[in-house]
>>> print(open('query_33.cif').read())   # mmCIF, C-alpha atoms and all ligand atoms
data_run
#
loop_
_atom_site.group_PDB
_atom_site.id
_atom_site.type_symbol
_atom_site.label_atom_id
_atom_site.label_comp_id
_atom_site.auth_asym_id
_atom_site.auth_seq_id
_atom_site.Cartn_x
_atom_site.Cartn_y
_atom_site.Cartn_z
ATOM 1 C CA MET R 105 0.000 0.000 0.000
ATOM 2 C CA LYS R 106 1.386 3.414 -0.999
ATOM 3 C CA LYS R 107 0.650 6.307 1.363
ATOM 4 C CA ILE R 108 0.550 9.581 -0.570
ATOM 5 C CA ALA R 109 0.114 13.011 0.985
ATOM 6 C CA ILE R 110 -2.184 15.212 -1.114
ATOM 7 C CA GLN R 111 -3.273 18.818 -0.856
ATOM 8 C CA GLY R 112 -7.029 18.654 -0.333
ATOM 9 C CA VAL R 113 -9.593 15.988 0.481
ATOM 10 C CA ALA R 114 -11.035 12.949 -1.331
ATOM 11 C CA GLY R 115 -12.181 13.863 -4.834
ATOM 12 C CA CYS R 116 -9.736 16.753 -5.341
ATOM 13 C CA PHE R 117 -7.419 16.868 -8.338
ATOM 14 C CA HIS R 118 -4.393 15.831 -6.271
ATOM 15 C CA ASP R 119 -6.329 12.726 -5.298
ATOM 16 C CA ALA R 120 -7.125 11.998 -8.955
ATOM 17 C CA ALA R 121 -3.511 12.636 -10.021
ATOM 18 C CA ALA R 122 -2.110 10.298 -7.325
ATOM 19 C CA ARG R 123 -4.481 7.490 -8.340
ATOM 20 C CA GLN R 124 -3.740 7.954 -12.041
ATOM 21 C CA PHE R 125 0.026 8.006 -11.513
ATOM 22 C CA PHE R 126 -0.036 4.812 -9.420
ATOM 23 C CA ASP R 127 -2.721 3.181 -11.556
ATOM 24 C CA GLY R 128 -3.128 -0.509 -10.674
ATOM 25 C CA GLN R 129 -1.415 -0.134 -7.276
ATOM 26 C CA GLU R 130 -3.041 0.148 -3.872
ATOM 27 C CA VAL R 131 -3.004 3.768 -2.822
ATOM 28 C CA GLU R 132 -4.052 5.561 0.345
ATOM 29 C CA THR R 133 -4.201 9.339 -0.010
ATOM 30 C CA ILE R 134 -3.528 11.425 3.105
ATOM 31 C CA PRO R 135 -5.415 14.756 3.038
ATOM 32 C CA CYS R 136 -3.494 17.950 3.923
ATOM 33 C CA ASP R 137 -4.899 21.463 4.486
ATOM 34 C CA SER R 138 -2.208 23.317 2.572
ATOM 35 C CA PHE R 139 1.036 22.770 0.687
ATOM 36 C CA PRO R 140 3.211 23.735 3.715
ATOM 37 C CA ASP R 141 1.185 21.224 5.764
ATOM 38 C CA LEU R 142 1.874 18.566 3.111
ATOM 39 C CA PHE R 143 5.632 19.168 3.227
ATOM 40 C CA GLU R 144 5.561 19.044 7.043
ATOM 41 C CA LYS R 145 3.741 15.700 6.946
ATOM 42 C CA LEU R 146 6.380 14.326 4.584
ATOM 43 C CA GLU R 147 9.126 15.250 7.050
ATOM 44 C CA THR R 148 7.467 13.236 9.821
ATOM 45 C CA ASP R 149 7.093 9.971 7.896
ATOM 46 C CA ALA R 150 9.860 8.885 5.515
ATOM 47 C CA SER R 151 7.679 6.130 4.061
ATOM 48 C CA MET R 152 5.084 8.644 2.871
ATOM 49 C CA LEU R 153 5.149 9.934 -0.691
ATOM 50 C CA GLY R 154 3.771 13.307 -1.726
ATOM 51 C CA ILE R 155 2.184 14.804 -4.810
ATOM 52 C CA VAL R 156 2.172 18.546 -5.501
ATOM 53 C CA ALA R 157 0.808 20.681 -8.322
ATOM 54 C CA ILE R 158 3.626 22.718 -9.851
ATOM 55 C CA GLU R 159 2.084 24.464 -12.874
ATOM 56 C CA ASN R 160 -1.110 24.888 -14.804
ATOM 57 C CA THR R 161 -1.553 25.734 -18.472
ATOM 58 C CA ILE R 162 -4.033 28.571 -17.759
ATOM 59 C CA ALA R 163 -3.129 29.905 -14.316
ATOM 60 C CA GLY R 164 0.666 29.426 -14.555
ATOM 61 C CA SER R 165 3.181 28.226 -11.968
ATOM 62 C CA LEU R 166 2.428 27.553 -8.308
ATOM 63 C CA LEU R 167 5.337 29.735 -7.255
ATOM 64 C CA ALA R 168 5.311 28.900 -3.549
ATOM 65 C CA ASN R 169 5.647 25.188 -4.320
ATOM 66 C CA HIS R 170 9.002 25.770 -6.023
ATOM 67 C CA GLU R 171 10.380 27.198 -2.796
ATOM 68 C CA LEU R 172 8.778 24.524 -0.605
ATOM 69 C CA LEU R 173 10.328 21.874 -2.806
ATOM 70 C CA ARG R 174 13.773 23.472 -2.686
ATOM 71 C CA LYS R 175 13.675 23.817 1.104
ATOM 72 C CA SER R 176 12.510 20.253 1.697
ATOM 73 C CA ASN R 177 14.968 17.412 1.295
ATOM 74 C CA HIS R 178 12.495 15.394 -0.756
ATOM 75 C CA THR R 179 13.263 14.323 -4.295
ATOM 76 C CA ILE R 180 11.073 14.335 -7.396
ATOM 77 C CA ILE R 181 10.619 10.772 -8.623
ATOM 78 C CA GLY R 182 8.009 11.375 -11.298
ATOM 79 C CA GLU R 183 5.545 13.743 -12.907
ATOM 80 C CA HIS R 184 1.993 13.472 -14.102
ATOM 81 C CA SER R 185 -0.303 15.842 -15.941
ATOM 82 C CA VAL R 186 -4.061 15.865 -15.542
ATOM 83 C CA ARG R 187 -6.694 17.443 -17.763
ATOM 84 C CA ILE R 188 -8.636 19.693 -15.403
ATOM 85 C CA SER R 189 -12.303 20.281 -16.114
ATOM 86 C CA HIS R 190 -14.406 22.196 -13.630
ATOM 87 C CA VAL R 191 -18.111 22.214 -12.842
ATOM 88 C CA LEU R 192 -20.138 24.721 -10.870
ATOM 89 C CA CYS R 193 -22.201 22.836 -8.289
ATOM 90 C CA ALA R 194 -24.487 23.648 -5.381
ATOM 91 C CA LEU R 195 -27.156 22.204 -3.091
ATOM 92 C CA PRO R 196 -30.218 20.768 -4.859
ATOM 93 C CA GLY R 197 -32.741 23.510 -5.653
ATOM 94 C CA GLU R 198 -30.146 26.228 -6.310
ATOM 95 C CA THR R 199 -29.919 27.935 -9.715
ATOM 96 C CA ILE R 200 -27.141 30.002 -11.276
ATOM 97 C CA GLU R 201 -29.125 33.144 -10.337
ATOM 98 C CA SER R 202 -29.489 32.122 -6.669
ATOM 99 C CA ILE R 203 -25.727 31.744 -6.155
ATOM 100 C CA SER R 204 -24.124 34.699 -4.382
ATOM 101 C CA GLU R 205 -20.807 33.112 -3.350
ATOM 102 C CA VAL R 206 -18.504 30.740 -5.190
ATOM 103 C CA ASN R 207 -15.865 28.754 -3.292
ATOM 104 C CA SER R 208 -12.774 26.961 -4.538
ATOM 105 C CA HIS R 209 -9.021 26.639 -4.539
ATOM 106 C CA PRO R 210 -7.443 29.888 -5.845
ATOM 107 C CA MET R 211 -5.848 28.070 -8.821
ATOM 108 C CA ALA R 212 -9.246 26.650 -9.796
ATOM 109 C CA LEU R 213 -10.912 30.084 -9.535
ATOM 110 C CA MET R 214 -8.167 31.529 -11.745
ATOM 111 C CA GLN R 215 -8.776 28.800 -14.317
ATOM 112 C CA CYS R 216 -12.468 29.786 -14.503
ATOM 113 C CA GLU R 217 -11.877 33.536 -14.433
ATOM 114 C CA GLN R 218 -13.740 34.301 -17.675
ATOM 115 C CA TYR R 219 -16.866 32.387 -16.652
ATOM 116 C CA LEU R 220 -16.869 33.964 -13.194
ATOM 117 C CA ARG R 221 -16.365 37.440 -14.639
ATOM 118 C CA ARG R 222 -19.462 36.899 -16.791
ATOM 119 C CA HIS R 223 -21.384 36.189 -13.547
ATOM 120 C CA PRO R 224 -20.408 39.127 -11.313
ATOM 121 C CA HIS R 225 -23.220 38.421 -8.826
ATOM 122 C CA MET R 226 -21.130 35.461 -7.588
ATOM 123 C CA ARG R 227 -18.534 36.664 -5.086
ATOM 124 C CA MET R 228 -15.344 34.615 -5.301
ATOM 125 C CA VAL R 229 -14.121 33.298 -1.941
ATOM 126 C CA GLU R 230 -10.908 31.266 -1.912
ATOM 127 C CA LYS R 231 -10.845 27.979 -0.018
ATOM 128 C CA PHE R 232 -8.062 25.457 0.495
ATOM 129 C CA ASP R 233 -9.426 22.919 -1.966
ATOM 130 C CA THR R 234 -11.907 22.304 -4.811
ATOM 131 C CA ALA R 235 -13.394 19.111 -3.359
ATOM 132 C CA GLY R 236 -13.144 20.561 0.169
ATOM 133 C CA SER R 237 -15.394 23.447 -0.939
ATOM 134 C CA ALA R 238 -17.992 20.998 -2.255
ATOM 135 C CA GLU R 239 -17.764 18.940 0.938
ATOM 136 C CA GLU R 240 -18.235 22.040 3.127
ATOM 137 C CA ILE R 241 -21.280 23.245 1.160
ATOM 138 C CA ALA R 242 -22.867 19.789 1.492
ATOM 139 C CA ARG R 243 -21.953 19.331 5.179
ATOM 140 C CA GLU R 244 -22.962 22.824 6.319
ATOM 141 C CA LYS R 245 -25.925 22.988 3.883
ATOM 142 C CA LEU R 246 -24.683 26.384 2.678
ATOM 143 C CA ALA R 247 -27.520 27.965 0.663
ATOM 144 C CA GLY R 248 -26.472 30.454 -2.036
ATOM 145 C CA HIS R 249 -22.986 28.904 -2.218
ATOM 146 C CA ALA R 250 -21.520 27.077 -5.183
ATOM 147 C CA ALA R 251 -18.233 25.202 -5.504
ATOM 148 C CA VAL R 252 -15.875 25.029 -8.470
ATOM 149 C CA CYS R 253 -14.541 21.465 -8.544
ATOM 150 C CA GLY R 254 -14.263 18.327 -10.639
ATOM 151 C CA GLU R 255 -17.435 16.487 -11.617
ATOM 152 C CA PHE R 256 -16.401 13.487 -9.474
ATOM 153 C CA ALA R 257 -16.209 15.729 -6.365
ATOM 154 C CA ALA R 258 -19.670 17.190 -7.044
ATOM 155 C CA ASN R 259 -21.087 13.656 -7.295
ATOM 156 C CA LEU R 260 -19.107 12.406 -4.296
ATOM 157 C CA TYR R 261 -20.588 15.091 -2.027
ATOM 158 C CA GLY R 262 -24.105 14.929 -3.547
ATOM 159 C CA LEU R 263 -24.221 18.415 -5.067
ATOM 160 C CA ASN R 264 -26.169 19.401 -8.196
ATOM 161 C CA ILE R 265 -24.211 20.432 -11.246
ATOM 162 C CA LEU R 266 -25.325 23.850 -12.528
ATOM 163 C CA GLU R 267 -22.748 24.164 -15.308
ATOM 164 C CA LYS R 268 -20.016 21.933 -16.740
ATOM 165 C CA GLY R 269 -16.714 22.775 -18.415
ATOM 166 C CA ILE R 270 -16.424 26.298 -16.982
ATOM 167 C CA GLU R 271 -12.623 26.499 -17.335
ATOM 168 C CA THR R 272 -11.485 29.365 -19.584
ATOM 169 C CA ASN R 273 -9.889 27.042 -22.106
ATOM 170 C CA LYS R 274 -10.336 23.321 -22.651
ATOM 171 C CA ARG R 275 -6.566 22.931 -22.849
ATOM 172 C CA ASN R 276 -6.440 23.130 -19.075
ATOM 173 C CA PHE R 277 -3.786 20.821 -17.650
ATOM 174 C CA THR R 278 -2.049 20.767 -14.291
ATOM 175 C CA ARG R 279 1.351 19.164 -13.951
ATOM 176 C CA PHE R 280 2.004 17.381 -10.670
ATOM 177 C CA LEU R 281 5.301 16.196 -9.166
ATOM 178 C CA ILE R 282 5.614 12.997 -7.159
ATOM 179 C CA LEU R 283 7.976 13.329 -4.192
ATOM 180 C CA ALA R 284 9.808 10.828 -2.029
ATOM 181 C CA ASP R 285 12.307 10.802 0.806
ATOM 182 C CA PRO R 286 15.818 10.519 -0.756
ATOM 183 C CA LEU R 287 16.357 7.012 0.693
ATOM 184 C CA LEU R 288 13.075 5.750 -0.713
ATOM 185 C CA ALA R 289 13.611 7.644 -3.965
ATOM 186 C CA GLY R 290 16.577 5.408 -4.780
ATOM 187 C CA GLU R 291 14.210 2.436 -4.786
ATOM 188 C CA LEU R 292 11.267 4.086 -6.505
ATOM 189 C CA LYS R 293 12.762 6.250 -9.201
ATOM 190 C CA PRO R 294 13.025 4.809 -12.726
ATOM 191 C CA ARG R 295 16.166 2.955 -13.843
ATOM 192 C CA GLU R 296 18.931 5.119 -15.319
ATOM 193 C CA GLU R 297 18.078 4.184 -18.929
ATOM 194 C CA GLN R 298 14.502 5.415 -18.382
ATOM 195 C CA LEU R 299 15.513 8.792 -16.943
ATOM 196 C CA ASN R 300 15.012 11.567 -19.482
ATOM 197 C CA LYS R 301 14.036 14.588 -17.404
ATOM 198 C CA SER R 302 15.326 16.505 -14.414
ATOM 199 C CA SER R 303 14.546 19.595 -12.377
ATOM 200 C CA VAL R 304 17.420 21.700 -11.090
ATOM 201 C CA VAL R 305 17.716 24.983 -9.210
ATOM 202 C CA PHE R 306 20.581 27.490 -9.010
ATOM 203 C CA THR R 307 21.485 31.132 -8.608
ATOM 204 C CA LEU R 308 23.820 33.069 -10.881
ATOM 205 C CA PRO R 309 26.401 35.765 -10.276
ATOM 206 C CA HIS R 310 25.455 39.231 -11.573
ATOM 207 C CA SER R 311 27.808 39.091 -14.524
ATOM 208 C CA HIS R 312 27.388 39.630 -18.253
ATOM 209 C CA GLY R 313 25.822 36.684 -20.028
ATOM 210 C CA ALA R 314 25.744 34.413 -16.939
ATOM 211 C CA LEU R 315 22.438 32.788 -17.911
ATOM 212 C CA SER R 316 23.266 32.768 -21.587
ATOM 213 C CA LYS R 317 26.492 30.780 -20.872
ATOM 214 C CA VAL R 318 24.522 28.151 -18.954
ATOM 215 C CA LEU R 319 21.978 27.829 -21.768
ATOM 216 C CA THR R 320 24.703 27.538 -24.400
ATOM 217 C CA ILE R 321 26.353 24.671 -22.503
ATOM 218 C CA LEU R 322 23.036 22.831 -22.141
ATOM 219 C CA SER R 323 22.397 23.178 -25.848
ATOM 220 C CA PHE R 324 25.937 21.949 -26.668
ATOM 221 C CA TYR R 325 25.231 18.731 -24.728
ATOM 222 C CA ASP R 326 21.823 18.282 -26.463
ATOM 223 C CA VAL R 327 19.955 18.999 -23.265
ATOM 224 C CA ASN R 328 16.599 20.631 -23.869
ATOM 225 C CA LEU R 329 15.119 23.195 -21.533
ATOM 226 C CA THR R 330 11.364 22.662 -21.073
ATOM 227 C CA LYS R 331 10.715 25.219 -18.354
ATOM 228 C CA ILE R 332 12.487 28.098 -16.677
ATOM 229 C CA GLN R 333 11.019 29.883 -13.679
ATOM 230 C CA SER R 334 12.818 32.622 -11.833
ATOM 231 C CA LEU R 335 11.945 33.651 -8.292
ATOM 232 C CA PRO R 336 13.442 36.417 -6.155
ATOM 233 C CA VAL R 337 16.099 35.423 -3.632
ATOM 234 C CA VAL R 338 14.638 36.672 -0.359
ATOM 235 C CA GLY R 339 17.026 39.080 1.386
ATOM 236 C CA ARG R 340 19.117 39.747 -1.751
ATOM 237 C CA GLU R 341 17.293 42.473 -3.679
ATOM 238 C CA TRP R 342 16.985 41.944 -7.459
ATOM 239 C CA GLU R 343 18.744 38.598 -7.363
ATOM 240 C CA TYR R 344 16.946 35.560 -8.692
ATOM 241 C CA ARG R 345 16.893 31.826 -8.328
ATOM 242 C CA PHE R 346 16.314 29.812 -11.497
ATOM 243 C CA TYR R 347 14.195 26.669 -11.471
ATOM 244 C CA VAL R 348 14.881 24.794 -14.670
ATOM 245 C CA ASP R 349 13.397 21.610 -16.139
ATOM 246 C CA LEU R 350 15.603 19.708 -18.558
ATOM 247 C CA THR R 351 14.945 16.829 -20.936
ATOM 248 C CA PHE R 352 17.594 14.659 -22.569
ATOM 249 C CA SER R 353 17.999 11.404 -24.444
ATOM 250 C CA SER R 354 21.443 10.516 -23.068
ATOM 251 C CA TYR R 355 21.823 10.429 -19.285
ATOM 252 C CA PHE R 356 25.602 10.459 -19.724
ATOM 253 C CA ARG R 357 25.556 13.649 -21.851
ATOM 254 C CA TYR R 358 23.122 15.267 -19.403
ATOM 255 C CA ARG R 359 25.502 14.523 -16.501
ATOM 256 C CA GLN R 360 28.379 15.989 -18.513
ATOM 257 C CA ALA R 361 26.281 19.112 -19.098
ATOM 258 C CA LEU R 362 25.671 19.482 -15.350
ATOM 259 C CA GLN R 363 29.370 19.121 -14.622
ATOM 260 C CA ALA R 364 30.115 21.907 -17.089
ATOM 261 C CA VAL R 365 27.344 24.159 -15.803
ATOM 262 C CA ARG R 366 27.908 23.795 -12.052
ATOM 263 C CA PRO R 367 31.047 25.999 -11.814
ATOM 264 C CA LEU R 368 29.151 28.868 -13.477
ATOM 265 C CA THR R 369 26.344 28.745 -10.917
ATOM 266 C CA ASN R 370 25.878 29.051 -7.159
ATOM 267 C CA GLU R 371 23.712 26.999 -4.802
ATOM 268 C CA PHE R 372 23.165 24.374 -7.503
ATOM 269 C CA ARG R 373 20.842 21.506 -6.565
ATOM 270 C CA ILE R 374 19.180 18.675 -8.458
ATOM 271 C CA LEU R 375 15.576 18.494 -7.265
ATOM 272 C CA GLY R 376 14.995 15.177 -8.981
ATOM 273 C CA GLU R 377 15.640 13.005 -12.015
ATOM 274 C CA TYR R 378 12.655 11.205 -13.468
ATOM 275 C CA GLU R 379 10.793 10.070 -16.537
ATOM 276 C CA GLU R 380 8.954 12.639 -18.647
ATOM 277 C CA ARG R 381 5.225 11.925 -18.486
ATOM 278 C CA VAL R 382 3.340 15.007 -19.519
ATOM 279 C CA GLY R 383 1.214 13.329 -22.192
ATOM 280 C CA ILE R 384 -2.398 14.312 -22.585
ATOM 281 C CA ASN R 385 -4.921 11.995 -20.937
HETATM 282 O O1 LIG Z 401 -8.163 21.825 -5.138
HETATM 283 C C1 LIG Z 401 -7.813 20.796 -5.762
HETATM 284 O O2 LIG Z 401 -8.608 19.954 -6.220
HETATM 285 C C2 LIG Z 401 -6.380 20.566 -5.967
HETATM 286 O O3 LIG Z 401 -5.992 19.424 -6.104
HETATM 287 C C3 LIG Z 401 -5.464 21.759 -6.069
HETATM 288 C C4 LIG Z 401 -5.250 22.249 -7.478
HETATM 289 C C5 LIG Z 401 -3.972 23.162 -7.532
HETATM 290 O O4 LIG Z 401 -3.270 23.272 -6.570
HETATM 291 O O5 LIG Z 401 -3.718 23.711 -8.621
HETATM 292 C C6 LIG Z 401 -4.962 21.130 -8.385
HETATM 293 C C7 LIG Z 401 -5.323 21.147 -9.684
HETATM 294 C C8 LIG Z 401 -6.112 22.256 -10.257
HETATM 295 O O6 LIG Z 401 -5.211 23.061 -10.966
HETATM 296 C C9 LIG Z 401 -6.759 23.085 -9.220
HETATM 297 C C10 LIG Z 401 -6.402 23.024 -7.916
#
>>> encode(input="query_33.cif", output="structure tokens", more="lines below")
Ligand SMILES: O=C(O)C(=O)C[C@]1(C(=O)O)C=C[C@@H](O)C=C1
Amino acid sequence: MKKIAIQGVAGCFHDAAARQFFDGQEVETIPCDSFPDLFEKLETDASMLGIVAIENTIAGSLLANHELLRKSNHTIIGEHSVRISHVLCALPGETIESISEVNSHPMALMQCEQYLRRHPHMRMVEKFDTAGSAEEIAREKLAGHAAVCGEFAANLYGLNILEKGIETNKRNFTRFLILADPLLAGELKPREEQLNKSSVVFTLPHSHGALSKVLTILSFYDVNLTKIQSLPVVGREWEYRFYVDLTFSSYFRYRQALQAVRPLTNEFRILGEYEERVGIN
């Protein structure tokens, strides 16, 4: 049985992502109230895995999760992308007109921004989770409230669906990372010949062409950059930390590239090496 910490409660997208990633295996998902809470739980139980959303194709990166990941000593052992489709749901008897407040996870509200802007009588109130919002409306019998969540969550908590597919664009995908304690990661991560992706983080000196030199080296070793996210270094004004995702077909060449890049960077760390799995499902 795999124990996997998720952000949210049963029926949320983290729950769905964990079950899809470990399809065919026995999985127990452990609900967490927030991403910091999830990382704390991971620290207390080395046998527990974690899954965290890292970016969405409409709402962008979950910036805080980059920092949480860097500060934790957990390693990425895999990735999974999920097609996110949202419904608007409420207690039986409610109509779109009777809804005055809409509850959901902030990323989910962002993904439905256009729909919600067309319905200004619904006040947006952020909650910790999509499915958690549906559960709360059902449990507390909150009249005039609607949740934005997946269809499975609406059904799970017995709410009526008022509208389906309310995300701004149907190409709405969230990419999740699967995390493990470094000792466990050795056992769980794919074999070397299957590894074709990694996530690394570093800072750069303020010198001419520092980033450009790094990118040139990566390109020389046929390492492809699939994502670059910069975040401010707290306490060092106008300095940035770069979170970079790399894909490669030769693990050996990729390792050579890292060796060449490291001396040009500071605070370099590999956050994980894994198998690319961002296909559309
Ligand atoms: O609230 C949920 O259902 C979650 O799993 C969280 C979350 C997120 O953190 O981005 C996951 C996927 C969707 O992008 C919306 C919300």
>>> residues_around(input="query_33.cif", residues="Ser189 (chain R)", least_positions_apart="2", cutoff="7 Å", atoms="only C-alpha atoms", output="MDAnalysis selection string")
chainID R and resid 187 191 254 269 271
>>> residues_around(input="query_33.cif", residues="Lys145 (chain R)", least_positions_apart="6", cutoff="12 Å", atoms="all atoms listed in the file", output="VMD selection string")
chain R and resid 107 to 111 134 to 139 151 to 155 176 178 284 to 285
>>> resolve_selection(input="query_33.cif", expression="the PyMOL selection byres (((chain R and resi 215) around 8) and not hetatm)", output="ChimeraX atom specification")
/R:162-163,211-214,216-217,271-272,276
>>> closest_residue(input="query_33.cif", among="R:Phe256, R:Tyr355, R:Phe277, R:Tyr261", to="ligand LIG 401 (chain Z)", atoms="all atoms listed in the file")
R:Phe277
>>> atom_distance(input="query_33.cif", atom1="CA of Ile158 (chain R)", atom2="CA of Asp326 (chain R)")
25.0 Å
>>> resolve_selection(input="query_33.cif", expression="the PyMOL selection byres (((chain R and resi 293) around 10) and not hetatm)", output="VMD selection string")
chain R and resid 179 to 182 283 to 284 286 288 to 292 294 to 296 298 to 299 376 to 379
>>> resolve_selection(input="query_33.cif", expression="the PyMOL selection byres (((chain R and resi 372) around 6) and not hetatm)", output="ChimeraX atom specification")
/R:305-306,370-371,373
>>> residues_near_ligand(input="query_33.cif", ligand="ligand LIG 401 (chain Z)", cutoff="7 Å", atoms="only C-alpha atoms and all ligand atoms", output="PyMOL selection string")
chain R and resi 111-112+116-119+157+160+188+208-209+211-212+232-235+253+278
>>> residues_around(input="query_33.cif", residues="Val337 (chain R)", least_positions_apart="2", cutoff="12 Å", atoms="all atoms listed in the file", output="ChimeraX atom specification")
/R:171,305-308,334-335,339-347,371
>>> closest_residue(input="query_33.cif", among="R:Ala258, R:Gln333, R:Pro367, R:Leu322", to="Thr351 (chain R)", atoms="only C-alpha atoms")
R:Leu322
>>> atom_distance(input="query_33.cif", atom1="CA of Asn169 (chain R)", atom2="CA of Pro140 (chain R)")
8.5 Å
>>> atom_distance(input="query_33.cif", atom1="CA of Asn328 (chain R)", atom2="CA of Tyr358 (chain R)")
9.6 Å
>>> closest_residue(input="query_33.cif", among="R:Asp141, R:Glu183, R:Glu147, R:Glu132", to="Leu281 (chain R)", atoms="only C-alpha atoms")
R:Glu183
>>> residues_around(input="query_33.cif", residues="Phe356 (chain R)", least_positions_apart="4", cutoff="12 Å", atoms="only C-alpha atoms", output="PyMOL selection string")
chain R and resi 296-297+299-300+325-327+352+360-363
